[in-house]
file work-v6.cif (mmCIF, C-alpha atoms)
data_upload
#
loop_
_atom_site.label_atom_id
_atom_site.label_comp_id
_atom_site.auth_asym_id
_atom_site.auth_seq_id
_atom_site.Cartn_x
_atom_site.Cartn_y
_atom_site.Cartn_z
CA MET A 1 61.56 51.92 84.27
CA HIS A 2 63.39 52.02 87.61
CA VAL A 3 65.65 54.74 89.01
CA ILE A 4 68.10 52.23 90.48
CA ASP A 5 68.70 50.71 87.03
CA ILE A 6 69.41 54.17 85.58
CA LEU A 7 71.82 55.01 88.40
CA ARG A 8 73.66 51.73 87.98
CA LYS A 9 73.90 52.19 84.22
CA LYS A 10 75.46 55.66 84.46
CA ARG A 11 77.68 54.67 87.39
CA ASN A 12 79.12 51.90 85.20
CA GLY A 13 79.74 54.29 82.30
CA GLY A 14 76.72 53.46 80.15
CA GLN A 15 74.91 55.84 77.81
CA LEU A 16 71.44 56.87 79.00
CA SER A 17 68.61 56.80 76.48
CA ARG A 18 66.24 59.66 75.69
CA GLU A 19 63.47 57.84 77.58
CA GLU A 20 65.63 57.27 80.66
CA ILE A 21 66.72 60.91 80.83
CA ALA A 22 63.15 62.18 80.35
CA PHE A 23 61.92 59.76 83.03
CA ILE A 24 64.39 60.93 85.65
CA VAL A 25 63.98 64.67 84.90
CA GLN A 26 60.18 64.45 84.99
CA GLY A 27 60.32 62.36 88.15
CA TYR A 28 62.60 64.82 89.89
CA VAL A 29 60.43 67.83 89.00
CA SER A 30 57.26 66.02 90.11
CA GLU A 31 59.08 64.92 93.31
CA THR A 32 58.56 61.21 92.74
CA ILE A 33 62.35 60.92 92.60
CA PRO A 34 63.99 62.22 95.81
CA ASP A 35 67.05 64.46 96.15
CA TYR A 36 69.33 61.65 97.30
CA GLN A 37 68.75 59.60 94.13
CA MET A 38 69.18 62.62 91.85
CA ALA A 39 72.35 63.53 93.78
CA ALA A 40 73.67 60.03 93.07
CA LEU A 41 73.00 60.51 89.36
CA LEU A 42 74.70 63.91 89.33
CA MET A 43 77.79 62.44 90.95
CA ALA A 44 77.80 59.55 88.45
CA VAL A 45 77.57 62.09 85.60
CA TRP A 46 80.38 64.13 87.16
CA PHE A 47 82.68 61.09 87.22
CA ARG A 48 81.55 59.30 84.04
CA GLY A 49 80.52 62.25 81.87
CA MET A 50 77.84 62.48 79.19
CA ASN A 51 78.32 62.37 75.43
CA LYS A 52 76.79 65.05 73.22
CA GLU A 53 73.61 63.05 72.53
CA GLU A 54 72.99 62.52 76.27
CA THR A 55 73.75 66.17 76.99
CA THR A 56 71.30 67.29 74.30
CA GLU A 57 68.57 64.97 75.60
CA LEU A 58 69.13 66.26 79.14
CA THR A 59 68.86 69.83 77.85
CA LEU A 60 65.62 69.14 75.96
CA ALA A 61 64.07 67.27 78.90
CA MET A 62 64.86 70.23 81.15
CA ALA A 63 63.49 72.71 78.59
CA ARG A 64 60.22 70.76 78.46
CA SER A 65 59.88 70.68 82.25
CA GLY A 66 57.96 73.98 82.35
CA ASP A 67 56.79 76.85 80.15
CA GLN A 68 58.02 76.98 76.56
CA ILE A 69 57.74 80.37 74.93
CA ASP A 70 56.05 80.62 71.53
CA LEU A 71 57.42 83.55 69.51
CA SER A 72 55.83 82.52 66.20
CA ALA A 73 53.57 85.60 66.23
CA ILE A 74 56.66 87.78 65.73
CA PRO A 75 57.70 87.91 62.06
CA GLY A 76 61.27 87.11 61.07
CA VAL A 77 64.07 85.21 62.77
CA LYS A 78 64.15 85.71 66.53
CA VAL A 79 67.71 85.82 67.85
CA ASP A 80 68.95 85.67 71.43
CA LYS A 81 72.34 86.35 73.01
CA HIS A 82 73.65 84.82 76.21
CA SER A 83 76.77 85.56 78.22
CA THR A 84 78.19 83.09 80.72
CA GLY A 85 78.78 86.03 83.06
CA GLY A 86 81.51 88.45 83.98
CA VAL A 87 82.24 91.91 85.35
CA ALA A 88 81.15 95.11 83.57
CA ASP A 89 79.63 92.89 80.87
CA THR A 90 77.02 95.31 79.53
CA THR A 91 76.90 93.91 76.01
CA THR A 92 73.15 93.16 75.96
CA LEU A 93 72.24 96.84 76.35
CA VAL A 94 74.46 97.70 73.37
CA VAL A 95 73.94 94.65 71.17
CA ALA A 96 70.15 94.33 71.30
CA PRO A 97 69.39 97.90 70.09
CA LEU A 98 72.06 97.64 67.37
CA VAL A 99 70.61 94.38 66.03
CA ALA A 100 67.04 95.71 66.24
CA ALA A 101 68.05 98.84 64.30
CA CYS A 102 69.32 96.56 61.53
CA GLY A 103 65.99 94.72 61.28
CA GLY A 104 66.65 91.96 63.80
CA ARG A 105 64.21 90.63 66.38
CA VAL A 106 65.73 90.27 69.84
CA ALA A 107 63.32 88.64 72.28
CA LYS A 108 65.30 88.19 75.48
CA MET A 109 64.36 86.78 78.87
CA SER A 110 67.11 87.59 81.37
CA GLY A 111 68.04 86.85 84.95
CA ARG A 112 69.29 88.79 87.93
CA GLY A 113 72.83 89.10 89.18
CA LEU A 114 74.16 86.95 92.01
CA GLY A 115 77.68 87.22 93.37
CA HIS A 116 80.18 89.29 91.40
CA THR A 117 78.31 89.19 88.06
CA GLY A 118 75.73 91.84 87.34
CA GLY A 119 72.32 90.88 85.98
CA THR A 120 70.76 92.61 82.97
CA LEU A 121 67.45 93.00 84.82
CA ASP A 122 69.14 94.82 87.70
CA LYS A 123 70.77 97.22 85.25
CA LEU A 124 67.49 97.95 83.48
CA GLU A 125 65.71 98.54 86.78
CA ALA A 126 68.18 101.35 87.46
CA ILE A 127 66.24 103.28 84.79
CA PRO A 128 63.41 105.20 86.53
CA GLY A 129 60.06 103.46 86.00
CA PHE A 130 61.40 100.49 84.02
CA SER A 131 59.46 97.27 84.67
CA VAL A 132 60.90 93.91 83.70
CA SER A 133 57.61 92.23 84.65
CA GLN A 134 55.66 92.09 81.40
CA SER A 135 53.03 89.59 80.30
CA MET A 136 53.94 87.27 77.45
CA GLU A 137 51.38 89.00 75.25
CA ARG A 138 52.94 92.38 75.96
CA PHE A 139 56.45 90.93 75.47
CA VAL A 140 55.51 89.76 71.98
CA GLU A 141 53.92 93.15 71.17
CA ILE A 142 57.02 95.07 72.24
CA VAL A 143 59.36 92.89 70.16
CA ALA A 144 57.07 93.21 67.13
CA ASP A 145 56.99 97.02 67.51
CA CYS A 146 60.51 97.88 68.73
CA GLY A 147 62.50 94.92 67.45
CA LEU A 148 63.64 94.14 70.99
CA ALA A 149 62.38 93.50 74.49
CA ILE A 150 64.13 92.34 77.64
CA ILE A 151 62.01 90.97 80.47
CA GLY A 152 62.33 88.73 83.52
CA GLN A 153 62.14 84.99 83.12
CA SER A 154 58.82 83.26 83.64
CA ALA A 155 58.59 81.73 87.11
CA ASN A 156 57.89 78.36 85.48
CA LEU A 157 60.65 78.54 82.87
CA VAL A 158 62.73 75.36 83.18
CA PRO A 159 61.86 74.42 86.78
CA ALA A 160 64.12 71.36 86.39
CA ASP A 161 67.13 73.66 86.12
CA LYS A 162 66.21 75.56 89.28
CA LYS A 163 65.96 72.32 91.27
CA LEU A 164 69.04 70.73 89.69
CA TYR A 165 71.22 73.81 90.12
CA SER A 166 70.41 74.03 93.82
CA LEU A 167 71.28 70.35 94.22
CA ARG A 168 74.50 70.67 92.19
CA ASP A 169 75.54 73.56 94.41
CA VAL A 170 75.40 71.46 97.59
CA THR A 171 76.80 68.24 96.09
CA GLU A 172 79.93 69.81 94.51
CA THR A 173 78.84 68.86 90.99
CA VAL A 174 78.61 72.35 89.49
CA ASP A 175 81.80 72.21 87.41
CA ASN A 176 80.82 69.62 84.83
CA ILE A 177 80.65 70.72 81.18
CA SER A 178 77.50 68.73 80.34
CA LEU A 179 75.64 70.00 83.41
CA ILE A 180 76.72 73.62 82.83
CA ALA A 181 75.81 73.49 79.14
CA SER A 182 72.41 71.88 79.71
CA SER A 183 71.58 74.47 82.38
CA ILE A 184 72.31 77.38 80.03
CA MET A 185 70.89 75.92 76.84
CA SER A 186 67.67 74.59 78.39
CA LYS A 187 66.66 78.17 79.23
CA LYS A 188 67.66 79.46 75.80
CA ILE A 189 65.69 76.74 73.99
CA ALA A 190 62.63 77.16 76.23
CA SER A 191 62.73 80.92 75.55
CA GLY A 192 61.78 80.30 71.93
CA ALA A 193 64.57 81.93 69.90
CA ASP A 194 65.33 80.61 66.41
CA ALA A 195 69.02 81.54 66.63
CA ILE A 196 71.34 81.77 69.63
CA VAL A 197 74.68 83.58 69.93
CA LEU A 198 76.73 82.68 73.00
CA ASP A 199 79.43 84.78 74.66
CA VAL A 200 81.58 82.38 76.68
CA LYS A 201 83.90 84.26 79.02
CA THR A 202 87.36 83.14 80.11
CA GLY A 203 89.83 84.65 82.55
CA SER A 204 90.07 85.87 86.13
CA GLY A 205 86.50 87.19 86.20
CA ALA A 206 84.88 84.22 84.47
CA PHE A 207 83.51 80.88 85.61
CA MET A 208 85.87 79.22 83.12
CA ARG A 209 89.33 80.53 84.01
CA GLU A 210 91.17 78.69 81.22
CA ALA A 211 90.51 79.39 77.52
CA ARG A 212 90.58 75.69 76.64
CA ASP A 213 87.79 74.96 79.15
CA ALA A 214 85.74 77.88 77.83
CA SER A 215 86.19 76.57 74.27
CA GLU A 216 85.05 73.12 75.35
CA LEU A 217 81.94 74.60 76.97
CA ALA A 218 81.28 76.68 73.84
CA ARG A 219 81.61 73.62 71.60
CA THR A 220 79.26 71.60 73.82
CA MET A 221 76.58 74.31 73.78
CA VAL A 222 76.87 74.84 70.03
CA ASP A 223 76.46 71.08 69.50
CA ILE A 224 73.36 71.10 71.71
CA GLY A 225 71.86 73.97 69.74
CA ARG A 226 72.54 72.26 66.43
CA LEU A 227 71.07 68.95 67.58
CA ALA A 228 68.04 70.83 68.95
CA GLY A 229 67.45 72.48 65.58
CA ARG A 230 68.58 76.01 66.56
CA ARG A 231 71.15 78.08 64.71
CA THR A 232 73.84 78.42 67.36
CA LEU A 233 77.34 79.84 67.48
CA ALA A 234 79.68 81.09 70.18
CA LEU A 235 82.51 83.52 70.75
CA VAL A 236 85.06 82.87 73.50
CA THR A 237 85.95 86.29 74.90
CA ASP A 238 88.33 87.67 77.49
CA MET A 239 87.45 88.44 81.11
CA ASN A 240 90.93 89.06 82.53
CA GLN A 241 89.82 92.63 83.19
CA PRO A 242 86.32 94.14 83.41
CA LEU A 243 84.90 94.35 79.90
CA GLY A 244 83.61 97.89 80.30
CA ASN A 245 84.84 100.71 82.49
CA ALA A 246 81.66 100.77 84.62
CA ILE A 247 80.97 98.13 87.29
CA GLY A 248 77.55 98.71 88.79
CA ASN A 249 74.02 99.19 87.54
CA ALA A 250 73.14 102.80 86.70
CA ILE A 251 76.71 103.52 85.63
CA GLU A 252 76.71 100.46 83.33
CA VAL A 253 73.49 101.74 81.75
CA GLN A 254 75.22 105.11 81.34
CA GLU A 255 78.20 103.52 79.59
CA ALA A 256 75.92 101.55 77.23
CA ILE A 257 73.96 104.69 76.34
CA GLU A 258 77.19 106.62 75.74
CA ILE A 259 78.36 103.89 73.34
CA LEU A 260 75.07 104.15 71.44
CA GLN A 261 75.57 107.93 71.38
CA GLY A 262 78.83 107.33 69.53
CA MET A 263 81.26 107.61 72.43
CA HIS A 264 83.93 105.09 73.52
CA ARG A 265 84.71 103.91 69.99
CA GLY A 266 87.45 101.31 70.10
CA SER A 267 86.79 100.36 73.73
CA ASP A 268 86.77 96.67 74.66
CA LEU A 269 83.04 96.79 75.43
CA THR A 270 82.28 98.36 72.06
CA THR A 271 84.51 95.90 70.19
CA VAL A 272 82.99 92.79 71.78
CA SER A 273 79.47 94.20 71.39
CA PHE A 274 80.00 94.75 67.66
CA ALA A 275 81.45 91.25 67.28
CA LEU A 276 78.41 89.69 68.98
CA ALA A 277 75.93 91.87 67.08
CA SER A 278 77.64 90.93 63.81
CA GLN A 279 77.18 87.23 64.57
CA MET A 280 73.53 87.85 65.47
CA LEU A 281 72.88 89.57 62.13
CA GLN A 282 74.51 86.72 60.25
CA ALA A 283 72.62 84.08 62.27
CA SER A 284 69.38 85.95 61.48
CA GLY A 285 70.13 85.99 57.76
CA LEU A 286 70.32 89.80 57.75
CA ALA A 287 73.95 89.88 56.62
CA SER A 288 75.87 87.41 54.51
CA SER A 289 79.35 88.29 55.78
CA GLU A 290 81.21 89.89 58.65
CA ASP A 291 82.02 92.95 56.55
CA GLU A 292 78.39 93.49 55.56
CA ALA A 293 77.22 93.05 59.15
CA LEU A 294 79.76 95.51 60.55
CA ALA A 295 78.89 98.08 57.88
CA ARG A 296 75.20 97.86 58.79
CA LEU A 297 75.99 98.15 62.50
CA ASP A 298 78.19 101.22 61.89
CA GLN A 299 75.30 102.86 60.05
CA ALA A 300 72.82 101.99 62.81
CA LEU A 301 75.14 103.60 65.35
CA ALA A 302 76.04 106.69 63.30
CA SER A 303 72.44 107.45 62.35
CA GLY A 304 71.18 107.26 65.92
CA ALA A 305 68.80 104.44 64.99
CA ALA A 306 70.21 102.05 67.62
CA LEU A 307 69.86 104.64 70.41
CA GLU A 308 66.29 105.32 69.28
CA ARG A 309 65.48 101.58 69.47
CA LEU A 310 66.72 101.48 73.06
CA ALA A 311 64.64 104.56 73.92
CA ARG A 312 61.54 102.95 72.39
CA MET A 313 62.03 99.76 74.37
CA ILE A 314 62.53 101.70 77.61
CA ASP A 315 59.33 103.65 76.95
CA ALA A 316 57.38 100.50 76.07
CA GLU A 317 58.43 98.87 79.36
CA GLY A 318 57.41 101.86 81.48
CA GLY A 319 60.80 103.52 81.81
CA GLU A 320 61.97 107.10 81.40
CA ARG A 321 63.17 107.23 77.80
CA ARG A 322 64.81 110.62 78.32
CA VAL A 323 67.78 108.85 79.94
CA CYS A 324 68.96 108.15 76.38
CA ASP A 325 69.47 111.91 75.96
CA ASP A 326 70.33 112.82 79.54
CA VAL A 327 72.13 110.18 81.62
CA SER A 328 71.99 112.47 84.66
CA LEU A 329 68.41 111.21 85.10
CA LEU A 330 69.87 107.88 86.23
CA PRO A 331 70.42 107.32 89.99
CA ARG A 332 73.53 109.03 91.35
CA ALA A 333 75.60 108.09 94.40
CA ARG A 334 76.21 110.67 97.11
CA ARG A 335 80.00 110.53 96.96
CA ARG A 336 82.92 109.70 94.67
CA VAL A 337 86.11 108.27 96.18
CA GLU A 338 89.23 107.95 94.04
CA VAL A 339 91.52 104.93 94.32
CA LYS A 340 95.07 105.85 93.30
CA ALA A 341 98.12 103.96 92.10
CA GLU A 342 100.41 102.98 94.96
CA ARG A 343 103.51 102.95 92.73
CA SER A 344 104.61 103.90 89.22
CA GLY A 345 104.63 101.39 86.39
CA TYR A 346 102.26 99.52 84.11
CA LEU A 347 98.96 97.93 85.03
CA ALA A 348 100.07 94.31 84.59
CA ARG A 349 97.25 92.24 86.07
CA MET A 350 93.71 92.59 87.38
CA ASP A 351 91.87 90.06 89.51
CA THR A 352 88.54 90.75 87.86
CA HIS A 353 86.56 88.57 90.26
CA ALA A 354 87.91 90.56 93.22
CA MET A 355 86.94 93.82 91.49
CA GLY A 356 83.40 92.52 91.11
CA ILE A 357 83.36 91.66 94.82
CA SER A 358 84.52 95.21 95.58
CA ALA A 359 81.49 96.60 93.75
CA LEU A 360 79.26 94.10 95.58
CA LEU A 361 80.59 95.40 98.92
CA LEU A 362 79.53 98.90 97.91
CA GLY A 363 75.98 97.58 97.38
CA ALA A 364 76.04 97.07 93.60
CA GLY A 365 75.45 93.30 93.79
CA ARG A 366 73.88 90.67 95.96
CA GLU A 367 75.21 87.63 97.78
CA LYS A 368 71.73 86.18 98.41
CA LYS A 369 68.71 86.42 96.14
CA GLU A 370 66.81 88.50 98.68
CA ASP A 371 69.56 91.14 99.06
CA ARG A 372 68.66 94.68 97.96
CA ILE A 373 70.81 96.37 95.30
CA ASP A 374 71.65 100.07 95.34
CA PRO A 375 71.45 101.03 91.64
CA ALA A 376 73.55 104.18 92.07
CA VAL A 377 76.77 102.71 93.44
CA GLY A 378 79.69 101.05 91.71
CA ILE A 379 83.17 101.54 90.32
CA TRP A 380 84.28 103.46 87.22
CA LEU A 381 87.72 102.45 85.95
CA SER A 382 89.99 105.14 84.56
CA ARG A 383 92.86 102.79 83.60
CA ARG A 384 93.08 99.51 81.67
CA LEU A 385 95.61 96.69 81.50
CA GLY A 386 98.85 97.87 79.90
CA ASP A 387 98.33 101.53 80.80
CA ARG A 388 101.24 103.46 82.28
CA VAL A 389 100.52 105.08 85.67
CA GLU A 390 102.52 107.24 88.01
CA ARG A 391 102.28 106.91 91.78
CA GLY A 392 99.19 108.82 92.91
CA ASP A 393 97.40 108.67 89.56
CA PRO A 394 93.70 107.75 89.86
CA ILE A 395 92.92 104.19 88.75
CA ALA A 396 89.22 104.18 89.55
CA ALA A 397 86.42 106.20 91.11
CA PHE A 398 84.16 104.51 93.67
CA HIS A 399 80.55 105.73 93.59
CA VAL A 400 79.43 105.38 97.21
CA ASP A 401 76.24 105.73 99.26
CA ASP A 402 76.53 103.45 102.31
CA GLU A 403 80.16 103.71 103.46
CA SER A 404 80.07 100.68 105.77
CA GLY A 405 81.69 98.45 103.12
CA LEU A 406 83.94 101.11 101.58
CA GLU A 407 87.18 100.33 103.43
CA GLU A 408 87.02 96.62 102.64
CA ALA A 409 85.99 97.35 99.03
CA VAL A 410 89.01 99.63 98.52
CA ARG A 411 91.33 97.10 100.16
CA ARG A 412 90.15 94.29 97.90
CA PHE A 413 90.30 96.47 94.80
CA SER A 414 93.84 97.66 95.55
CA ALA A 415 95.00 94.08 96.15
CA ALA A 416 93.40 93.06 92.82
CA VAL A 417 95.62 95.43 90.83
CA GLU A 418 99.24 94.58 90.09
CA ILE A 419 101.56 97.33 88.87
CA ALA A 420 104.83 96.15 87.30
CA SER A 421 107.87 97.80 85.77
CA GLU A 422 107.38 96.02 82.43
CA LYS A 423 104.41 96.45 80.12
CA PRO A 424 102.39 93.21 80.02
CA GLN A 425 101.64 91.18 76.92
CA THR A 426 98.36 92.18 75.32
CA LEU A 427 95.69 89.51 75.61
CA PRO A 428 93.22 88.87 72.79
CA LEU A 429 89.68 90.13 73.27
CA ILE A 430 88.25 87.24 71.26
CA TYR A 431 89.96 83.87 71.55
CA ALA A 432 87.83 81.75 69.28
CA LYS A 433 84.65 81.47 67.27
CA VAL A 434 82.79 78.16 67.52
CA GLU A 435 80.09 77.29 64.98
#

call {"tool": "encode", "arguments": {"input": "work-v6.cif", "output": "structure tokens"}}
result
Amino acid sequence: MHVIDILRKKRNGGQLSREEIAFIVQGYVSETIPDYQMAALLMAVWFRGMNKEETTELTLAMARSGDQIDLSAIPGVKVDKHSTGGVADTTTLVVAPLVAACGGRVAKMSGRGLGHTGGTLDKLEAIPGFSVSQSMERFVEIVADCGLAIIGQSANLVPADKKLYSLRDVTETVDNISLIASSIMSKKIASGADAIVLDVKTGSGAFMREARDASELARTMVDIGRLAGRRTLALVTDMNQPLGNAIGNAIEVQEAIEILQGMHRGSDLTTVSFALASQMLQASGLASSEDEALARLDQALASGAALERLARMIDAEGGERRVCDDVSLLPRARRRVEVKAERSGYLARMDTHAMGISALLLGAGREKKEDRIDPAVGIWLSRRLGDRVERGDPIAAFHVDDESGLEEAVRRFSAAVEIASEKPQTLPLIYAKVE
């Protein structure tokens, strides 16, 4: 088998075989195929596309390029949830304890935030003592005992994706549905879950700005999961404003804990979290309908069982479980600065990406992998799209430590908010379900 033949075939619009895809992925990881030849293939894929069989084979070849997690020692159906990324997207910290309290098994390997999207690991590390670095043996023990565990990804989990993503970034081939889907699903499949629920974001704070593109990505990933033998479904959800009110790390943990304490009922974050948790229960076979799933989740919340599951996981991973009773134990910024409405009217539009960048400028995110995050800082929104405000009303509170980026953060945030005389049309929270 020769690389040049494979490049020519895809350049001319041919369908690559399982063997050809495996050959080129293995060769690239082992460095027998150089960057310039893989870059040529990526560009051919970008122009010619891949059908669902090719995309699935690429995903599986990438998943097999490194460690594959065996969760068979954990009884029951293991279910995972993945979000394509957004701002104030704290669903994992709400969903996983809810599902575990209903008898589910959530074994989740997560990543860190980069750019305007926060990473689940960064949020968890805002909890004093919490360690995301657990051995696989300990990971399995925690899931078996608590029903959930969230840890950092193995260094050798899908090395093909790490190499390919870096190359896609510098060859302008990131925005291809097959390449995006295979990147996400290879990690989910290698992580060993039996069932996968995907949260595909769309809007101003999402990678997929248009709902039709997000639906296409969702369909592609669901097809991959089905062809790979995993129960997979997706929700396409809105990211035209931050999902929660908290944008940061410690304050996002606080908001998640408050939801599990029974606060913020009816909020967007709570609504989307319940929708995702419902799908996870149904995918696990723990509920036969949406109504049954939601009833079980309501009971898990009202009884305190979901909050207790989160506390048990925090304790098992070395963290201070008392934060579930006293959120003041989380890191606190030195200063709060209010951002106020510059005119009267209705909040008509939010540039969610710009709001995420504002939080990053305060120190809540990182531009490069080696950047240090300040867990205490961030932004807490006090108004949502469609709300009426008068000039001078507070829209948000900035939680600030290092003030060097404050002026620029406030400027970007203020520019990201449009206030109009007419109330805007309400956007759906959930655009579609793909299964």

call {"tool": "resolve_selection", "arguments": {"input": "work-v6.cif", "expression": "the PyMOL selection byres ((chain A and resi 413) around 9)", "output": "ChimeraX atom specification"}}
result
/A:339,351,354-359,408-412,414-417

call {"tool": "write_last_selection", "arguments": {"input": "work-v6.cif", "atoms": "C-alpha atoms", "output": "PDB file, in the coordinates of the input"}}
result
ATOM      1  CA  VAL A 339      91.520 104.930  94.320  1.00  0.00           C
ATOM      2  CA  ASP A 351      91.870  90.060  89.510  1.00  0.00           C
ATOM      3  CA  ALA A 354      87.910  90.560  93.220  1.00  0.00           C
ATOM      4  CA  MET A 355      86.940  93.820  91.490  1.00  0.00           C
ATOM      5  CA  GLY A 356      83.400  92.520  91.110  1.00  0.00           C
ATOM      6  CA  ILE A 357      83.360  91.660  94.820  1.00  0.00           C
ATOM      7  CA  SER A 358      84.520  95.210  95.580  1.00  0.00           C
ATOM      8  CA  ALA A 359      81.490  96.600  93.750  1.00  0.00           C
ATOM      9  CA  GLU A 408      87.020  96.620 102.640  1.00  0.00           C
ATOM     10  CA  ALA A 409      85.990  97.350  99.030  1.00  0.00           C
ATOM     11  CA  VAL A 410      89.010  99.630  98.520  1.00  0.00           C
ATOM     12  CA  ARG A 411      91.330  97.100 100.160  1.00  0.00           C
ATOM     13  CA  ARG A 412      90.150  94.290  97.900  1.00  0.00           C
ATOM     14  CA  SER A 414      93.840  97.660  95.550  1.00  0.00           C
ATOM     15  CA  ALA A 415      95.000  94.080  96.150  1.00  0.00           C
ATOM     16  CA  ALA A 416      93.400  93.060  92.820  1.00  0.00           C
ATOM     17  CA  VAL A 417      95.620  95.430  90.830  1.00  0.00           C
TER      18      VAL A 417
END

call {"tool": "residues_around", "arguments": {"input": "work-v6.cif", "residues": "region 287-289 of chain A", "least_positions_apart": "4", "cutoff": "12 Å", "atoms": "only C-alpha atoms", "output": "count of residues only"}}
result
16

call {"tool": "residues_near_point", "arguments": {"input": "work-v6.cif", "point": "(53.3, 99.0, 74.6)", "cutoff": "8 Å", "atoms": "only C-alpha atoms", "output": "list of chain:residue names"}}
result
A:Arg138, A:Glu141, A:Ile142, A:Asp315, A:Ala316, A:Glu317

call {"tool": "residues_around", "arguments": {"input": "work-v6.cif", "residues": "Ser133 (chain A)", "least_positions_apart": "2", "cutoff": "7 Å", "atoms": "all atoms listed in the file", "output": "list in words"}}
result
Ser131, Ser135, Ile151 and Gly152 of chain A

call {"tool": "write_last_selection", "arguments": {"input": "work-v6.cif", "atoms": "C-alpha atoms", "output": "PDB file, keeping the file's coordinate frame"}}
result
ATOM      1  CA  SER A 131      59.460  97.270  84.670  1.00  0.00           C
ATOM      2  CA  SER A 135      53.030  89.590  80.300  1.00  0.00           C
ATOM      3  CA  ILE A 151      62.010  90.970  80.470  1.00  0.00           C
ATOM      4  CA  GLY A 152      62.330  88.730  83.520  1.00  0.00           C
TER       5      GLY A 152
END

call {"tool": "residues_around", "arguments": {"input": "work-v6.cif", "residues": "Val158 (chain A)", "least_positions_apart": "4", "cutoff": "7 Å", "atoms": "all atoms listed in the file", "output": "ChimeraX atom specification"}}
result
/A:62-63,65-67,186-187

call {"tool": "resolve_selection", "arguments": {"input": "work-v6.cif", "expression": "the PyMOL selection byres ((chain A and resi 52) around 9)", "output": "PyMOL selection string"}}
result
chain A and resi 50-51+53-57+178+220+223-224+227

call {"tool": "write_last_selection", "arguments": {"input": "work-v6.cif", "atoms": "C-alpha atoms", "output": "PDB file, in the frame of the given file"}}
result
ATOM      1  CA  MET A  50      77.840  62.480  79.190  1.00  0.00           C
ATOM      2  CA  ASN A  51      78.320  62.370  75.430  1.00  0.00           C
ATOM      3  CA  GLU A  53      73.610  63.050  72.530  1.00  0.00           C
ATOM      4  CA  GLU A  54      72.990  62.520  76.270  1.00  0.00           C
ATOM      5  CA  THR A  55      73.750  66.170  76.990  1.00  0.00           C
ATOM      6  CA  THR A  56      71.300  67.290  74.300  1.00  0.00           C
ATOM      7  CA  GLU A  57      68.570  64.970  75.600  1.00  0.00           C
ATOM      8  CA  SER A 178      77.500  68.730  80.340  1.00  0.00           C
ATOM      9  CA  THR A 220      79.260  71.600  73.820  1.00  0.00           C
ATOM     10  CA  ASP A 223      76.460  71.080  69.500  1.00  0.00           C
ATOM     11  CA  ILE A 224      73.360  71.100  71.710  1.00  0.00           C
ATOM     12  CA  LEU A 227      71.070  68.950  67.580  1.00  0.00           C
TER      13      LEU A 227
END

call {"tool": "residues_around", "arguments": {"input": "work-v6.cif", "residues": "Thr352 (chain A)", "least_positions_apart": "6", "cutoff": "7 Å", "atoms": "all atoms listed in the file", "output": "list in words"}}
result
Val87, Ser204, Gly205, Asn240, Gln241 and Pro242 of chain A

call {"tool": "build_atoms", "arguments": {"input": "work-v6.cif", "residues": "region 243-253 of chain A", "atoms": "N, CA and C atoms", "output": "short mmCIF file (atom, residue, chain, number, x, y, z; two decimals), in the frame of the given file"}}
result
data_model
loop_
_atom_site.label_atom_id
_atom_site.label_comp_id
_atom_site.auth_asym_id
_atom_site.auth_seq_id
_atom_site.Cartn_x
_atom_site.Cartn_y
_atom_site.Cartn_z
N LEU A 243 85.08 94.08 81.32
CA LEU A 243 84.90 94.35 79.90
C LEU A 243 84.69 95.83 79.64
N GLY A 244 83.81 96.45 80.41
CA GLY A 244 83.61 97.89 80.30
C GLY A 244 84.37 98.62 81.40
N ASN A 245 84.22 99.93 81.43
CA ASN A 245 84.84 100.71 82.49
C ASN A 245 83.94 100.83 83.72
N ALA A 246 82.64 100.61 83.54
CA ALA A 246 81.66 100.77 84.62
C ALA A 246 81.31 99.41 85.23
N ILE A 247 81.38 99.33 86.55
CA ILE A 247 80.97 98.13 87.29
C ILE A 247 79.89 98.58 88.27
N GLY A 248 78.67 98.27 87.97
CA GLY A 248 77.55 98.71 88.79
C GLY A 248 76.26 98.52 88.03
N ASN A 249 75.29 99.34 88.25
CA ASN A 249 74.02 99.19 87.54
C ASN A 249 73.70 100.45 86.75
N ALA A 250 73.42 101.56 87.43
CA ALA A 250 73.14 102.80 86.70
C ALA A 250 74.34 103.23 85.86
N ILE A 251 75.55 103.06 86.40
CA ILE A 251 76.71 103.52 85.63
C ILE A 251 76.98 102.60 84.44
N GLU A 252 76.59 101.33 84.51
CA GLU A 252 76.71 100.46 83.33
C GLU A 252 75.68 100.86 82.28
N VAL A 253 74.48 101.22 82.71
CA VAL A 253 73.49 101.74 81.75
C VAL A 253 74.03 103.00 81.09
#
